[in-house]
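K.L.:
Data file work_2.cif (mmCIF, C-alpha atoms) is appended below.
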data_final
loop_
_atom_site.group_PDB
_atom_site.id
_atom_site.type_symbol
_atom_site.label_atom_id
_atom_site.label_comp_id
_atom_site.auth_asym_id
_atom_site.auth_seq_id
_atom_site.Cartn_x
_atom_site.Cartn_y
_atom_site.Cartn_z
ATOM 1 C CA MET A 642 19.994 -28.650 -90.984
ATOM 2 C CA THR A 643 18.039 -30.779 -93.368
ATOM 3 C CA VAL A 644 14.423 -30.014 -94.038
ATOM 4 C CA PRO A 645 12.631 -33.353 -94.031
ATOM 5 C CA SER A 646 10.796 -34.429 -97.097
ATOM 6 C CA PRO A 647 7.089 -35.256 -96.767
ATOM 7 C CA ALA A 648 8.090 -38.716 -98.023
ATOM 8 C CA ILE A 649 9.900 -39.486 -94.759
ATOM 9 C CA PRO A 650 7.754 -41.862 -92.700
ATOM 10 C CA LEU A 651 6.383 -40.276 -89.532
ATOM 11 C CA PRO A 652 8.307 -42.550 -87.102
ATOM 12 C CA GLU A 653 11.589 -41.607 -88.797
ATOM 13 C CA LEU A 654 10.633 -37.942 -88.765
ATOM 14 C CA VAL A 655 9.864 -38.114 -85.036
ATOM 15 C CA ALA A 656 13.231 -39.828 -84.417
ATOM 16 C CA LEU A 657 15.120 -37.232 -86.483
ATOM 17 C CA ALA A 658 13.342 -34.348 -84.753
ATOM 18 C CA ALA A 659 14.294 -35.811 -81.359
ATOM 19 C CA VAL A 660 17.969 -35.099 -82.005
ATOM 20 C CA ASP A 661 17.726 -31.986 -84.190
ATOM 21 C CA ASN A 662 15.836 -29.052 -82.689
ATOM 22 C CA GLU A 663 15.692 -27.076 -85.899
ATOM 23 C CA THR A 664 14.182 -30.063 -87.723
ATOM 24 C CA TYR A 665 11.691 -30.443 -84.881
ATOM 25 C CA ALA A 666 10.746 -26.755 -84.992
ATOM 26 C CA ARG A 667 10.485 -26.468 -88.770
ATOM 27 C CA THR A 668 8.641 -29.757 -89.201
ATOM 28 C CA PHE A 669 6.001 -29.385 -86.519
ATOM 29 C CA PHE A 670 5.710 -25.574 -86.411
ATOM 30 C CA PRO A 671 6.347 -24.307 -89.963
ATOM 31 C CA ARG A 672 4.107 -21.246 -89.477
ATOM 32 C CA THR A 673 6.223 -20.243 -86.481
ATOM 33 C CA PHE A 674 9.610 -20.920 -88.123
ATOM 34 C CA ARG A 675 9.272 -19.094 -91.440
ATOM 35 C CA GLN A 676 12.762 -17.560 -91.604
ATOM 36 C CA ALA A 677 16.254 -18.965 -91.444
ATOM 37 C CA SER A 678 17.503 -19.229 -87.876
ATOM 38 C CA PRO A 679 20.538 -17.186 -86.826
ATOM 39 C CA ALA A 680 23.655 -19.072 -85.780
ATOM 40 C CA PHE A 681 23.421 -18.044 -82.110
ATOM 41 C CA GLN A 682 20.184 -20.013 -81.762
ATOM 42 C CA LYS A 683 22.085 -23.281 -82.282
ATOM 43 C CA GLU A 684 24.070 -22.429 -79.146
ATOM 44 C CA LEU A 685 20.873 -21.634 -77.276
ATOM 45 C CA TRP A 686 19.283 -24.940 -78.318
ATOM 46 C CA ARG A 687 22.464 -26.716 -77.169
ATOM 47 C CA ASP A 688 22.321 -24.980 -73.795
ATOM 48 C CA LEU A 689 18.619 -25.754 -73.374
ATOM 49 C CA ASP A 690 19.164 -29.436 -74.173
ATOM 50 C CA ASP A 691 22.162 -29.893 -71.876
ATOM 51 C CA PRO A 692 21.023 -32.468 -69.277
ATOM 52 C CA THR A 693 23.712 -31.339 -66.821
ATOM 53 C CA THR A 694 22.274 -27.816 -66.612
ATOM 54 C CA ARG A 695 19.584 -27.390 -63.986
ATOM 55 C CA TYR A 696 19.410 -23.586 -64.128
ATOM 56 C CA LEU A 697 20.010 -21.554 -67.246
ATOM 57 C CA ASN A 698 20.154 -17.801 -67.712
ATOM 58 C CA GLU A 699 20.469 -16.518 -71.265
ATOM 59 C CA GLN A 700 20.469 -12.836 -72.158
ATOM 60 C CA ILE A 701 19.106 -12.370 -75.648
ATOM 61 C CA PHE A 702 18.471 -9.088 -77.426
ATOM 62 C CA ARG A 703 14.987 -7.848 -78.286
ATOM 63 C CA GLY A 704 13.759 -9.659 -81.390
ATOM 64 C CA GLY A 705 16.092 -12.614 -80.805
ATOM 65 C CA GLY A 706 13.265 -15.155 -80.659
ATOM 66 C CA LYS A 707 13.141 -15.733 -76.890
ATOM 67 C CA THR A 708 9.400 -16.332 -76.696
ATOM 68 C CA THR A 709 9.303 -18.479 -79.817
ATOM 69 C CA LEU A 710 12.186 -20.673 -78.693
ATOM 70 C CA ALA A 711 10.782 -21.016 -75.178
ATOM 71 C CA ARG A 712 7.395 -22.106 -76.535
ATOM 72 C CA VAL A 713 8.852 -24.633 -78.958
ATOM 73 C CA PHE A 714 11.326 -25.944 -76.373
ATOM 74 C CA THR A 715 8.392 -26.458 -73.988
ATOM 75 C CA SER A 716 6.438 -28.238 -76.717
ATOM 76 C CA LYS A 717 9.357 -30.584 -77.371
ATOM 77 C CA ARG A 718 9.682 -31.521 -73.696
ATOM 78 C CA ILE A 719 5.975 -32.357 -73.759
ATOM 79 C CA ALA A 720 6.095 -34.230 -77.070
ATOM 80 C CA TYR A 721 8.949 -36.508 -76.032
ATOM 81 C CA GLY A 722 7.717 -36.893 -72.460
ATOM 82 C CA VAL A 723 10.822 -35.343 -70.908
ATOM 83 C CA SER A 724 8.803 -33.170 -68.506
ATOM 84 C CA LYS A 725 5.668 -34.272 -66.671
ATOM 85 C CA THR A 726 5.151 -30.945 -64.893
ATOM 86 C CA ILE A 727 5.792 -27.658 -66.691
ATOM 87 C CA LEU A 728 6.051 -24.359 -64.839
ATOM 88 C CA TYR A 729 6.297 -21.530 -67.352
ATOM 89 C CA VAL A 730 7.088 -18.137 -65.821
ATOM 90 C CA GLY A 731 6.604 -14.962 -67.826
ATOM 91 C CA LYS A 732 7.129 -11.305 -66.959
ATOM 92 C CA SER A 733 3.433 -11.184 -66.011
ATOM 93 C CA GLU A 734 0.627 -13.701 -65.806
ATOM 94 C CA SER A 735 -0.989 -12.288 -68.947
ATOM 95 C CA SER A 736 2.305 -12.625 -70.816
ATOM 96 C CA ALA A 737 2.705 -16.227 -69.666
ATOM 97 C CA ALA A 738 -0.951 -16.934 -70.501
ATOM 98 C CA ARG A 739 -0.331 -15.929 -74.135
ATOM 99 C CA SER A 740 2.293 -18.676 -74.354
ATOM 100 C CA GLY A 741 -0.086 -21.091 -72.638
ATOM 101 C CA LYS A 742 -2.769 -20.209 -75.167
ATOM 102 C CA TRP A 743 -0.294 -20.790 -78.014
ATOM 103 C CA LEU A 744 0.562 -24.235 -76.679
ATOM 104 C CA ARG A 745 -3.089 -25.159 -76.104
ATOM 105 C CA ARG A 746 -3.902 -24.112 -79.674
ATOM 106 C CA GLN A 747 -1.138 -26.389 -80.939
ATOM 107 C CA VAL A 748 -2.714 -29.338 -79.135
ATOM 108 C CA GLU A 749 -6.138 -28.429 -80.532
ATOM 109 C CA ARG A 750 -5.255 -27.405 -84.097
ATOM 110 C CA ASN A 751 -1.779 -28.599 -85.070
ATOM 111 C CA LYS A 752 -2.806 -32.021 -86.348
ATOM 112 C CA LEU A 753 0.683 -33.084 -87.396
ATOM 113 C CA TRP A 754 2.279 -32.323 -84.022
ATOM 114 C CA ALA A 755 -0.588 -33.489 -81.817
ATOM 115 C CA GLY A 756 -1.127 -36.579 -83.975
ATOM 116 C CA ALA A 757 2.543 -37.565 -84.149
ATOM 117 C CA PHE A 758 2.774 -37.608 -80.351
ATOM 118 C CA ALA A 759 -0.870 -38.560 -79.574
ATOM 119 C CA LEU A 760 -1.533 -35.384 -77.590
ATOM 120 C CA ARG A 761 -5.010 -34.292 -76.563
ATOM 121 C CA PRO A 762 -6.585 -31.806 -74.140
ATOM 122 C CA GLY A 763 -7.153 -32.895 -70.568
ATOM 123 C CA THR A 764 -8.792 -31.219 -67.577
ATOM 124 C CA PRO A 765 -8.400 -28.423 -66.607
ATOM 125 C CA TRP A 766 -7.987 -26.615 -69.914
ATOM 126 C CA THR A 767 -7.420 -22.866 -69.370
ATOM 127 C CA ASP A 768 -4.701 -20.544 -70.646
ATOM 128 C CA THR A 769 -2.856 -20.570 -67.295
ATOM 129 C CA GLU A 770 -3.410 -24.151 -66.138
ATOM 130 C CA PHE A 771 -3.988 -27.208 -68.248
ATOM 131 C CA VAL A 772 -3.305 -30.895 -68.658
ATOM 132 C CA ILE A 773 -2.137 -32.505 -71.872
ATOM 133 C CA GLU A 774 -2.914 -36.197 -72.163
ATOM 134 C CA HIS A 775 0.001 -37.973 -73.833
ATOM 135 C CA GLY A 776 -1.543 -40.997 -75.536
ATOM 136 C CA THR A 777 1.745 -42.549 -76.637
ATOM 137 C CA LEU A 778 3.134 -42.560 -73.098
ATOM 138 C CA GLY A 779 -0.210 -43.026 -71.358
ATOM 139 C CA GLU A 780 0.593 -40.116 -69.039
ATOM 140 C CA SER A 781 -0.721 -36.683 -68.146
ATOM 141 C CA ILE A 782 1.493 -33.612 -68.449
ATOM 142 C CA TYR A 783 0.604 -30.752 -66.128
ATOM 143 C CA CYS A 784 1.243 -27.169 -67.258
ATOM 144 C CA ILE A 785 1.048 -23.972 -65.233
ATOM 145 C CA PHE A 786 1.716 -20.554 -66.743
ATOM 146 C CA THR A 787 2.252 -17.702 -64.283
ATOM 147 C CA GLY A 788 3.901 -14.339 -63.875
ATOM 148 C CA ILE A 789 7.168 -13.683 -62.091
ATOM 149 C CA THR A 790 5.269 -12.593 -58.954
ATOM 150 C CA GLY A 791 2.922 -15.595 -59.037
ATOM 151 C CA ASN A 792 2.989 -18.566 -56.700
ATOM 152 C CA VAL A 793 5.667 -20.961 -57.918
ATOM 153 C CA ARG A 794 6.025 -23.151 -54.818
ATOM 154 C CA GLY A 795 4.405 -26.461 -53.977
ATOM 155 C CA ILE A 796 3.629 -27.598 -57.496
ATOM 156 C CA ASN A 797 3.060 -31.339 -57.334
ATOM 157 C CA PHE A 798 0.518 -33.222 -59.427
ATOM 158 C CA ASP A 799 0.075 -36.986 -59.076
ATOM 159 C CA ASP A 800 3.346 -37.087 -57.110
ATOM 160 C CA VAL A 801 5.277 -35.571 -60.041
ATOM 161 C CA SER A 802 6.898 -32.181 -59.492
#
Output the structure of this file as structure tokens.

P.N.:
Amino acid sequence: MTVPSPAIPLPELVALAAVDNETYARTFFPRTFRQASPAFQKELWRDLDDPTTRYLNEQIFRGGGKTTLARVFTSKRIAYGVSKTILYVGKSESSAARSGKWLRRQVERNKLWAGAFALRPGTPWTDTEFVIEHGTLGESIYCIFTGITGNVRGINFDDVS
């Protein structure tokens, strides 16, 4: 993994981060990725990015970075416009809401990430349900964060589910 130099023009950095998850994570979320990543996370990133996999179940030990990777993976799908509707399910609604709050804060405060992808808050804007306006794509990305026992059926916004 190469850590990009600040001298790399932003369009090149965005292109490099599109194909290298560790570069994406370390470039746009350096406060989150402060330590070297263990080798098993490369396999997890590969599994998450596999377009042929519709359902994925990974069992990762406590402290293995599950929450961090899930948040950053979600952010990447938003940044590159891969997902238009995000359903994020946590062990409880409050647990999921903490990840929603993290992502909302990135849109509000992470100027490099939000600026590189022209992301801004939409309406509604709560920890469990929010819209991110994607200026580059001219689209809205709908996000719902719920607990495992929450309602996860019938999610369809602007005919995108």

K.L.:
Would you mind reading off the distance between atom CA of A:Gly741 and atom CA of A:Asp768, one decimal, in Å?

P.N.:
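Computed distance, atom CA of A:Gly741 to atom CA of A:Asp768, equals 5.1 Å.
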
K.L.:
Rank A:Thr664, A:Thr767, A:Gln682, A:Ser716 by their smallest atom-to-atom distance to A:Asn751, using only C-alpha atoms, and report the top residue only.

P.N.:
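Smallest distance to A:Asn751 is found for A:Ser716.
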
K.L.:
Write out as a VMD selection string the residues lying within 12 Å of A:Gly706, counting only C-alpha atoms and excluding same-chain residues fewer than 5 positions away.

P.N.:
chain A and resid 673 to 674 676 to 679 681 to 682 685 to 686 699 to 701 711 to 714

K.L.:
Atom CA of A:Cys784 and atom CA of A:Arg718, how far apart in Å?

P.N.:
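If I compute the distance from atom CA of A:Arg718 to atom CA of A:Cys784, I get 11.5 Å.
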
K.L.:
Hey, can you check how far atom CA of A:Asp661 sits from atom CA of A:Gly705?

P.N.:
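These atoms are spaced 19.7 Å apart.
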
K.L.:
Starting from the PyMOL selection byres ((chain A and resi 651) around 12), expand the selection into actual residues of this file and give them as a list in words.

P.N.:
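With the shown file as input, the PyMOL selection byres ((chain A and resi 651) around 12) matches Pro645, Ser646, Pro647, Ala648, Ile649, Pro650, Pro652, Glu653, Leu654, Val655, Ala656, Leu657, Ala658, Thr668, Phe669, Leu753, Trp754, Gly756, Ala757 and Phe758 of chain A.
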
K.L.:
Which of these residues is nearest to A:Ala666, using only C-alpha atoms: A:Lys707, A:Lys717, A:Arg761, A:Arg745?

P.N.:
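Looking at the shortest contact to A:Ala666, the residue is A:Lys717.
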
K.L.:
Select, from A:Leu710, A:Gly722, A:Ala755, A:Tyr696, the residue with the minimum atom-to-atom distance to A:Arg667, counting only C-alpha atoms.

P.N.:
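Answer, going by the shortest atom-to-atom distance: A:Leu710.
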
K.L.:
Using all atoms listed in the file, can you tell me which of A:Asn662, A:Thr694, A:Gln747, A:Asn792 comes closest to A:Leu728?

P.N.:
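Nearest candidate to A:Leu728 out of A:Asn662, A:Thr694, A:Gln747, A:Asn792: A:Asn792.
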
K.L.:
Find the residues near A:Tyr783: any atom within 9 Å, counting only C-alpha atoms, skip ones fewer than 5 places away on the same chain, and give them as a PyMOL selection string.

P.N.:
chain A and resi 724-728+770-774+798

K.L.:
For stretch 754-765 of chain A, what centre and edge lengths in Å (one decimal) does the axis-aligned box get once 3 Å is added on each side of all its listed atoms, as JSON?

P.N.:
{"center_x": -3.0, "center_y": -33.5, "center_z": -75.4, "size_x": 17.6, "size_y": 16.1, "size_z": 23.5}

K.L.:
Evaluate the PyMOL selection byres ((chain A and resi 737) around 10) on the structure here and hand back the selected residues as a list in words.

P.N.:
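What the PyMOL selection byres ((chain A and resi 737) around 10) grabs from the file is Thr708, Tyr729, Val730, Gly731, Lys732, Ser733, Glu734, Ser735, Ser736, Ala738, Arg739, Ser740, Gly741, Lys742, Trp743, Asp768, Thr769, Ile785, Phe786, Thr787, Gly788 and Ile789 of chain A.
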
K.L.:
I need the residues from that last selection saved to file as a PDB file, in the frame of the given file (with C-alpha atoms), if you can.

P.N.:
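This went into out13.pdb:
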ATOM      1  CA  THR A 708       9.400 -16.332 -76.696  1.00  0.00           C
ATOM      2  CA  TYR A 729       6.297 -21.530 -67.352  1.00  0.00           C
ATOM      3  CA  VAL A 730       7.088 -18.137 -65.821  1.00  0.00           C
ATOM      4  CA  GLY A 731       6.604 -14.962 -67.826  1.00  0.00           C
ATOM      5  CA  LYS A 732       7.129 -11.305 -66.959  1.00  0.00           C
ATOM      6  CA  SER A 733       3.433 -11.184 -66.011  1.00  0.00           C
ATOM      7  CA  GLU A 734       0.627 -13.701 -65.806  1.00  0.00           C
ATOM      8  CA  SER A 735      -0.989 -12.288 -68.947  1.00  0.00           C
ATOM      9  CA  SER A 736       2.305 -12.625 -70.816  1.00  0.00           C
ATOM     10  CA  ALA A 738      -0.951 -16.934 -70.501  1.00  0.00           C
ATOM     11  CA  ARG A 739      -0.331 -15.929 -74.135  1.00  0.00           C
ATOM     12  CA  SER A 740       2.293 -18.676 -74.354  1.00  0.00           C
ATOM     13  CA  GLY A 741      -0.086 -21.091 -72.638  1.00  0.00           C
ATOM     14  CA  LYS A 742      -2.769 -20.209 -75.167  1.00  0.00           C
ATOM     15  CA  TRP A 743      -0.294 -20.790 -78.014  1.00  0.00           C
ATOM     16  CA  ASP A 768      -4.701 -20.544 -70.646  1.00  0.00           C
ATOM     17  CA  THR A 769      -2.856 -20.570 -67.295  1.00  0.00           C
ATOM     18  CA  ILE A 785       1.048 -23.972 -65.233  1.00  0.00           C
ATOM     19  CA  PHE A 786       1.716 -20.554 -66.743  1.00  0.00           C
ATOM     20  CA  THR A 787       2.252 -17.702 -64.283  1.00  0.00           C
ATOM     21  CA  GLY A 788       3.901 -14.339 -63.875  1.00  0.00           C
ATOM     22  CA  ILE A 789       7.168 -13.683 -62.091  1.00  0.00           C
TER      23      ILE A 789
END
